[in-house]
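Here's the structure, in structure tokens; my notes come after.
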Amino acid sequence: MFATAPTLAAACGSLNRMIVEPILLSAAQILTFDGDIGLTNASGFFFERDSRLFLVTSRHVFVDEPTQHFPSRVEIELHIDRANLAKSIGFSIPLYQDGKSVWRQGTDNAGEIDVAVIEINRAALPDSLVYRAFTPEHLPDPDANIEVGSALLVVGFPLGFHDLLHHMPVVRQAAIASSFGLRFQGAGYFLTDARTHRGTSGAPVVIRVDQADPARGDLPWMLLGIHSARVDLGTRDLKLDEALGLNCAWYADILMTLTELPAIALNADGN
């Protein structure tokens with residue numbers, strides 16, 4: 001289900017003729033908390049399968065043992081007025097129920113995959129919610145010809161930076177930096193060439209689709225991956241050698257595995 005594209009509110013809240021790019025409504029800033037104590041910020045996006053709605057991000061946003069990052073809940077900001085995008089609410093999602101984690105993560109023969117999904121209880125969402133969600137129709141076909149060097153966008157919240165008035169993410173241009181379809185170094189990701197920062201973890205990595213397809217609604221994009229982290233050489237001379245400027249993006253087809261079984265939709269509260 002895709003909502004009708006809203007019009008953008010001007011700074012004063014009145015309507016004008018500018019149209020919001022739907023891709024910007026697919027991403028959500030994620031704030032992590034331990035109880036009421038704020039911890040970190042990251043990026044995420046909505047993925048819809050059948051009648052279920054999921055929040056997708058990097059697995060290390062929900063838990064990261066090396067850095068002792070153990071949030072108990074996350075909060076995302078939701079638009080609630082299609083005529084005035086300056087209106088929003090915070091929506092809290094618990095990460096544990098009865099002492100057990102409720103997100104889903106995956107592994108393969110190379111180890112853990114840095115992607116996680118958590119189902120959102122639609123009944124807890126405001127009726128006036130304005131958003132976009134990727135669907136299985138936005139994933140590339142196995143025989144898709146996606147060339148190295150192809151232009152991409154990474155939609156997220158680097159260092160938490162975004163449009164504070166309209167609650168919109170920003171985008172970075174990127175390029176595919178390794179052969180798409182091959183598992184780089186045997187792991188389930190490919191490389192991108194983009195300038196990224198902390199807070200971009202979990203952002204969708206997308207490529208524009210020229211051919212109109214009703215199945216994609218008003219999101220003419222293919223979801224190729226989920227941005228995870230920057231890649232660098234441990235042997236690099238920190239004084240003489242610049243950082244590689246490369247990033248890993250986990251292949252988005254993992255979402256079909258992580259969303260295929262019935263998931264528990266948690267009760268989340270807007271505040």
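Note on naming: chains are A, B, ... as they come in the structure tokens, residues start from 1 per chain, ligands start from 1 in the order shown.
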Can you tell me, as JSON, numbers by chain, which residues in segment 115-263 of chain A count as strand (DSSP E) by DSSP? {"A": [115, 116, 117, 118, 119, 120, 151, 152, 153, 154, 155, 156, 170, 171, 172, 173, 174, 175, 176, 189, 190, 191, 192, 193, 204, 205, 206, 207, 208, 221, 222, 223, 224, 225, 226, 227, 228, 229, 230, 231, 246, 247, 248, 249, 250, 251]}
Return the single residue from A:Leu191, A:Ala175, A:Leu165, A:Val74 that is closest to Ser228 of chain A, with distances computed using only C-alpha atoms.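 Counting only C-alpha atoms, the residue closest to Ser228 of chain A is A:Leu191.
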With a cut-off of 12 Å, could you pull out the residues of segment 60-178 of chain A touching segment 209-217 of chain A and give me the nearest pair of atoms for each, distance in Å to one decimal, using only C-alpha atoms, ordered by chain and ascending number, as a tab-separated table?
```
residue	atom	partner	partner_atom	distance
A:Arg132	CA	A:Gly217	CA	9.5
A:Ala133	CA	A:Arg216	CA	9.7
A:Phe134	CA	A:Arg216	CA	8.0
A:Thr135	CA	A:Arg216	CA	7.6
A:Pro136	CA	A:Arg216	CA	9.1
A:Glu137	CA	A:Arg216	CA	6.2
A:His138	CA	A:Arg216	CA	6.2
A:Leu139	CA	A:Arg216	CA	9.9
A:Pro140	CA	A:Val209	CA	10.3
A:Ala144	CA	A:Val209	CA	11.6
A:Ile146	CA	A:Val209	CA	11.1
A:Ser150	CA	A:Val209	CA	11.8
A:Ala151	CA	A:Val209	CA	11.2
A:Leu152	CA	A:Val209	CA	10.8
```
Got time to write the residues from that selection, N, CA, C and O atoms, as a PDB file, in the first residue's frame?
```pdb
ATOM      1  N   ARG A 132       6.582   6.058   3.096  1.00  0.00           N
ATOM      2  CA  ARG A 132       6.710   5.156   1.966  1.00  0.00           C
ATOM      3  C   ARG A 132       7.466   3.929   2.449  1.00  0.00           C
ATOM      4  O   ARG A 132       8.311   4.029   3.352  1.00  0.00           O
ATOM      5  N   ALA A 133       7.198   2.794   1.849  1.00  0.00           N
ATOM      6  CA  ALA A 133       7.886   1.566   2.218  1.00  0.00           C
ATOM      7  C   ALA A 133       8.342   0.830   0.963  1.00  0.00           C
ATOM      8  O   ALA A 133       7.602   0.754  -0.022  1.00  0.00           O
ATOM      9  N   PHE A 134       9.553   0.308   1.007  1.00  0.00           N
ATOM     10  CA  PHE A 134       9.998  -0.604  -0.039  1.00  0.00           C
ATOM     11  C   PHE A 134       9.252  -1.931   0.129  1.00  0.00           C
ATOM     12  O   PHE A 134       8.767  -2.254   1.216  1.00  0.00           O
ATOM     13  N   THR A 135       9.164  -2.685  -0.935  1.00  0.00           N
ATOM     14  CA  THR A 135       8.484  -3.973  -0.942  1.00  0.00           C
ATOM     15  C   THR A 135       9.375  -4.983  -1.667  1.00  0.00           C
ATOM     16  O   THR A 135      10.406  -4.601  -2.255  1.00  0.00           O
ATOM     17  N   PRO A 136       9.001  -6.261  -1.677  1.00  0.00           N
ATOM     18  CA  PRO A 136       9.783  -7.220  -2.460  1.00  0.00           C
ATOM     19  C   PRO A 136       9.910  -6.843  -3.929  1.00  0.00           C
ATOM     20  O   PRO A 136      10.887  -7.231  -4.588  1.00  0.00           O
ATOM     21  N   GLU A 137       8.937  -6.078  -4.457  1.00  0.00           N
ATOM     22  CA  GLU A 137       9.003  -5.657  -5.860  1.00  0.00           C
ATOM     23  C   GLU A 137      10.135  -4.658  -6.105  1.00  0.00           C
ATOM     24  O   GLU A 137      10.499  -4.399  -7.259  1.00  0.00           O
ATOM     25  N   HIS A 138      10.683  -4.075  -5.037  1.00  0.00           N
ATOM     26  CA  HIS A 138      11.789  -3.136  -5.190  1.00  0.00           C
ATOM     27  C   HIS A 138      13.155  -3.827  -5.157  1.00  0.00           C
ATOM     28  O   HIS A 138      14.185  -3.161  -5.354  1.00  0.00           O
ATOM     29  N   LEU A 139      13.190  -5.120  -4.896  1.00  0.00           N
ATOM     30  CA  LEU A 139      14.452  -5.846  -4.885  1.00  0.00           C
ATOM     31  C   LEU A 139      14.836  -6.243  -6.305  1.00  0.00           C
ATOM     32  O   LEU A 139      13.973  -6.523  -7.139  1.00  0.00           O
ATOM     33  N   PRO A 140      16.122  -6.263  -6.619  1.00  0.00           N
ATOM     34  CA  PRO A 140      16.536  -6.600  -7.991  1.00  0.00           C
ATOM     35  C   PRO A 140      16.317  -8.076  -8.302  1.00  0.00           C
ATOM     36  O   PRO A 140      16.438  -8.940  -7.430  1.00  0.00           O
ATOM     37  N   ALA A 144      19.313  -9.374 -12.907  1.00  0.00           N
ATOM     38  CA  ALA A 144      19.423  -7.938 -13.194  1.00  0.00           C
ATOM     39  C   ALA A 144      20.859  -7.579 -13.557  1.00  0.00           C
ATOM     40  O   ALA A 144      21.813  -8.032 -12.911  1.00  0.00           O
ATOM     41  N   ILE A 146      23.351  -5.078 -13.281  1.00  0.00           N
ATOM     42  CA  ILE A 146      23.724  -3.868 -12.554  1.00  0.00           C
ATOM     43  C   ILE A 146      25.241  -3.749 -12.620  1.00  0.00           C
ATOM     44  O   ILE A 146      25.970  -4.563 -12.054  1.00  0.00           O
ATOM     45  N   SER A 150      27.887   1.990 -11.421  1.00  0.00           N
ATOM     46  CA  SER A 150      26.537   2.564 -11.530  1.00  0.00           C
ATOM     47  C   SER A 150      26.284   3.551 -10.395  1.00  0.00           C
ATOM     48  O   SER A 150      26.743   3.368  -9.261  1.00  0.00           O
ATOM     49  N   ALA A 151      25.520   4.599 -10.702  1.00  0.00           N
ATOM     50  CA  ALA A 151      25.246   5.644  -9.727  1.00  0.00           C
ATOM     51  C   ALA A 151      24.176   5.201  -8.732  1.00  0.00           C
ATOM     52  O   ALA A 151      23.134   4.659  -9.123  1.00  0.00           O
ATOM     53  N   LEU A 152      24.423   5.452  -7.456  1.00  0.00           N
ATOM     54  CA  LEU A 152      23.529   5.075  -6.371  1.00  0.00           C
ATOM     55  C   LEU A 152      23.225   6.287  -5.506  1.00  0.00           C
ATOM     56  O   LEU A 152      23.887   7.317  -5.585  1.00  0.00           O
TER      57      LEU A 152
END
```
Go through segment 181-254 of chain A and flag each residue having an atom no more than 8 Å from segment 153-160 of chain A; for those, report the closest pair of atoms plus their distance in Å to one decimal, using only C-alpha atoms, ordered by chain and rising number, as CSV.
```
residue,atom,partner,partner_atom,distance
A:Thr196,CA,A:Pro158,CA,6.9
A:His197,CA,A:Pro158,CA,5.2
A:Arg198,CA,A:Leu159,CA,5.3
A:Gly199,CA,A:Pro158,CA,4.6
A:Thr200,CA,A:Pro158,CA,4.8
A:Gly202,CA,A:Gly156,CA,7.9
A:Ala203,CA,A:Gly156,CA,5.1
A:Pro204,CA,A:Val155,CA,5.8
A:Val205,CA,A:Val154,CA,4.7
A:Val206,CA,A:Leu153,CA,5.4
A:Ile207,CA,A:Leu153,CA,6.5
A:His227,CA,A:Val154,CA,7.6
```
With N, CA and C atoms kept, could you save the residues just selected as a PDB file, in the first residue's frame?
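Generated file (out_29.pdb):
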```pdb
ATOM      1  N   THR A 196      30.721   8.883   3.690  1.00  0.00           N
ATOM      2  CA  THR A 196      29.741   8.536   4.713  1.00  0.00           C
ATOM      3  C   THR A 196      30.266   8.905   6.092  1.00  0.00           C
ATOM      4  N   HIS A 197      29.355   8.932   7.041  1.00  0.00           N
ATOM      5  CA  HIS A 197      29.690   9.285   8.424  1.00  0.00           C
ATOM      6  C   HIS A 197      28.952   8.349   9.373  1.00  0.00           C
ATOM      7  N   ARG A 198      29.330   8.412  10.636  1.00  0.00           N
ATOM      8  CA  ARG A 198      28.551   7.723  11.647  1.00  0.00           C
ATOM      9  C   ARG A 198      27.114   8.226  11.595  1.00  0.00           C
ATOM     10  N   GLY A 199      26.183   7.361  11.877  1.00  0.00           N
ATOM     11  CA  GLY A 199      24.772   7.724  11.773  1.00  0.00           C
ATOM     12  C   GLY A 199      24.145   7.287  10.470  1.00  0.00           C
ATOM     13  N   THR A 200      24.985   6.902   9.486  1.00  0.00           N
ATOM     14  CA  THR A 200      24.453   6.432   8.216  1.00  0.00           C
ATOM     15  C   THR A 200      24.159   4.932   8.251  1.00  0.00           C
ATOM     16  N   GLY A 202      22.581   1.549   8.422  1.00  0.00           N
ATOM     17  CA  GLY A 202      21.191   1.156   8.239  1.00  0.00           C
ATOM     18  C   GLY A 202      20.470   1.872   7.126  1.00  0.00           C
ATOM     19  N   ALA A 203      21.138   2.775   6.442  1.00  0.00           N
ATOM     20  CA  ALA A 203      20.499   3.537   5.366  1.00  0.00           C
ATOM     21  C   ALA A 203      20.276   2.665   4.131  1.00  0.00           C
ATOM     22  N   PRO A 204      19.175   2.895   3.393  1.00  0.00           N
ATOM     23  CA  PRO A 204      18.966   2.160   2.143  1.00  0.00           C
ATOM     24  C   PRO A 204      19.910   2.645   1.052  1.00  0.00           C
ATOM     25  N   VAL A 205      20.409   1.709   0.269  1.00  0.00           N
ATOM     26  CA  VAL A 205      21.260   2.007  -0.880  1.00  0.00           C
ATOM     27  C   VAL A 205      20.446   1.657  -2.123  1.00  0.00           C
ATOM     28  N   VAL A 206      20.148   2.665  -2.938  1.00  0.00           N
ATOM     29  CA  VAL A 206      19.178   2.483  -4.019  1.00  0.00           C
ATOM     30  C   VAL A 206      19.742   2.947  -5.355  1.00  0.00           C
ATOM     31  N   ILE A 207      19.148   2.421  -6.429  1.00  0.00           N
ATOM     32  CA  ILE A 207      19.496   2.819  -7.787  1.00  0.00           C
ATOM     33  C   ILE A 207      18.213   3.179  -8.518  1.00  0.00           C
ATOM     34  N   HIS A 227      23.374   0.012   3.908  1.00  0.00           N
ATOM     35  CA  HIS A 227      24.697   0.516   4.273  1.00  0.00           C
ATOM     36  C   HIS A 227      25.048   0.074   5.681  1.00  0.00           C
TER      37      HIS A 227
END
```
Could you pull the residues within 6 Å of segment 53-63 of chain A, counting only C-alpha atoms, minus those fewer than 5 positions along the same chain, as a PDB file with C-alpha atoms, in the first residue's frame?
```
ATOM      1  CA  GLY A  44      16.755   2.968   8.885  1.00  0.00           C
ATOM      2  CA  PHE A  45      13.930   2.504   6.424  1.00  0.00           C
ATOM      3  CA  PHE A  46      10.514   0.906   6.026  1.00  0.00           C
ATOM      4  CA  PHE A  47       9.976  -2.429   4.290  1.00  0.00           C
ATOM      5  CA  GLU A  48       6.521  -3.806   3.654  1.00  0.00           C
ATOM      6  CA  HIS A  69      26.109  -0.972  22.978  1.00  0.00           C
ATOM      7  CA  PHE A  70      22.970  -2.521  24.491  1.00  0.00           C
ATOM      8  CA  ASP A 114      24.928  -6.783   9.731  1.00  0.00           C
ATOM      9  CA  VAL A 115      21.222  -6.325   8.966  1.00  0.00           C
ATOM     10  CA  ALA A 116      18.277  -6.482  11.362  1.00  0.00           C
ATOM     11  CA  VAL A 117      14.527  -6.008  11.049  1.00  0.00           C
ATOM     12  CA  ILE A 118      11.843  -5.445  13.645  1.00  0.00           C
ATOM     13  CA  GLU A 119       8.139  -5.609  12.929  1.00  0.00           C
ATOM     14  CA  ILE A 120       5.987  -2.587  13.702  1.00  0.00           C
ATOM     15  CA  SER A 201      24.417   2.802   9.369  1.00  0.00           C
ATOM     16  CA  GLY A 202      21.191   1.156   8.239  1.00  0.00           C
TER      17      GLY A 202
END
```
Could you give me, as JSON, numbers by chain, each residue of segment 110-184 of chain A that DSSP assigns to helix (DSSP H, G or I) when run on this structure's backbone? {"A": [122, 123, 124, 136, 137, 138, 158, 159, 160, 184]}
Could the residues in this selection be written to a file with N, CA and C atoms, as a PDB file, in the first residue's frame?
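out.pdb, freshly written:
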```pdb
ATOM      1  N   ARG A 122       1.057  -2.292  13.238  1.00  0.00           N
ATOM      2  CA  ARG A 122       0.309  -1.277  12.497  1.00  0.00           C
ATOM      3  C   ARG A 122      -0.802  -0.649  13.336  1.00  0.00           C
ATOM      4  N   ALA A 123      -1.390  -1.421  14.234  1.00  0.00           N
ATOM      5  CA  ALA A 123      -2.492  -0.900  15.045  1.00  0.00           C
ATOM      6  C   ALA A 123      -2.036   0.235  15.950  1.00  0.00           C
ATOM      7  N   ALA A 124      -0.732   0.288  16.251  1.00  0.00           N
ATOM      8  CA  ALA A 124      -0.212   1.336  17.123  1.00  0.00           C
ATOM      9  C   ALA A 124       0.168   2.595  16.357  1.00  0.00           C
ATOM     10  N   PRO A 136       9.001  -6.261  -1.677  1.00  0.00           N
ATOM     11  CA  PRO A 136       9.783  -7.220  -2.460  1.00  0.00           C
ATOM     12  C   PRO A 136       9.910  -6.843  -3.929  1.00  0.00           C
ATOM     13  N   GLU A 137       8.937  -6.078  -4.457  1.00  0.00           N
ATOM     14  CA  GLU A 137       9.003  -5.657  -5.860  1.00  0.00           C
ATOM     15  C   GLU A 137      10.135  -4.658  -6.105  1.00  0.00           C
ATOM     16  N   HIS A 138      10.683  -4.075  -5.037  1.00  0.00           N
ATOM     17  CA  HIS A 138      11.789  -3.136  -5.190  1.00  0.00           C
ATOM     18  C   HIS A 138      13.155  -3.827  -5.157  1.00  0.00           C
ATOM     19  N   PRO A 158      23.474  11.227   8.369  1.00  0.00           N
ATOM     20  CA  PRO A 158      24.880  11.223   8.794  1.00  0.00           C
ATOM     21  C   PRO A 158      25.103  12.148   9.988  1.00  0.00           C
ATOM     22  N   LEU A 159      25.685  11.588  11.044  1.00  0.00           N
ATOM     23  CA  LEU A 159      25.907  12.321  12.290  1.00  0.00           C
ATOM     24  C   LEU A 159      24.608  12.890  12.850  1.00  0.00           C
ATOM     25  N   GLY A 160      23.479  12.323  12.440  1.00  0.00           N
ATOM     26  CA  GLY A 160      22.181  12.830  12.875  1.00  0.00           C
ATOM     27  C   GLY A 160      21.713  14.044  12.107  1.00  0.00           C
ATOM     28  N   PHE A 184      31.731  -9.889  -1.794  1.00  0.00           N
ATOM     29  CA  PHE A 184      33.077  -9.344  -1.647  1.00  0.00           C
ATOM     30  C   PHE A 184      33.794 -10.045  -0.492  1.00  0.00           C
TER      31      PHE A 184
END
```
What is the distance, in Å and to one decimal place, between atom CA of Leu25 of chain A and atom CA of Met168 of chain A?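 Computing the Euclidean distance for atom CA of Leu25 of chain A and atom CA of Met168 of chain A yields 7.4 Å.
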Name all residues at most 12 Å from Pro142 of chain A (count only C-alpha atoms; drop same-chain ones fewer than 6 positions away) and give them as a ChimeraX atom specification. /A:180-182,224,251-253
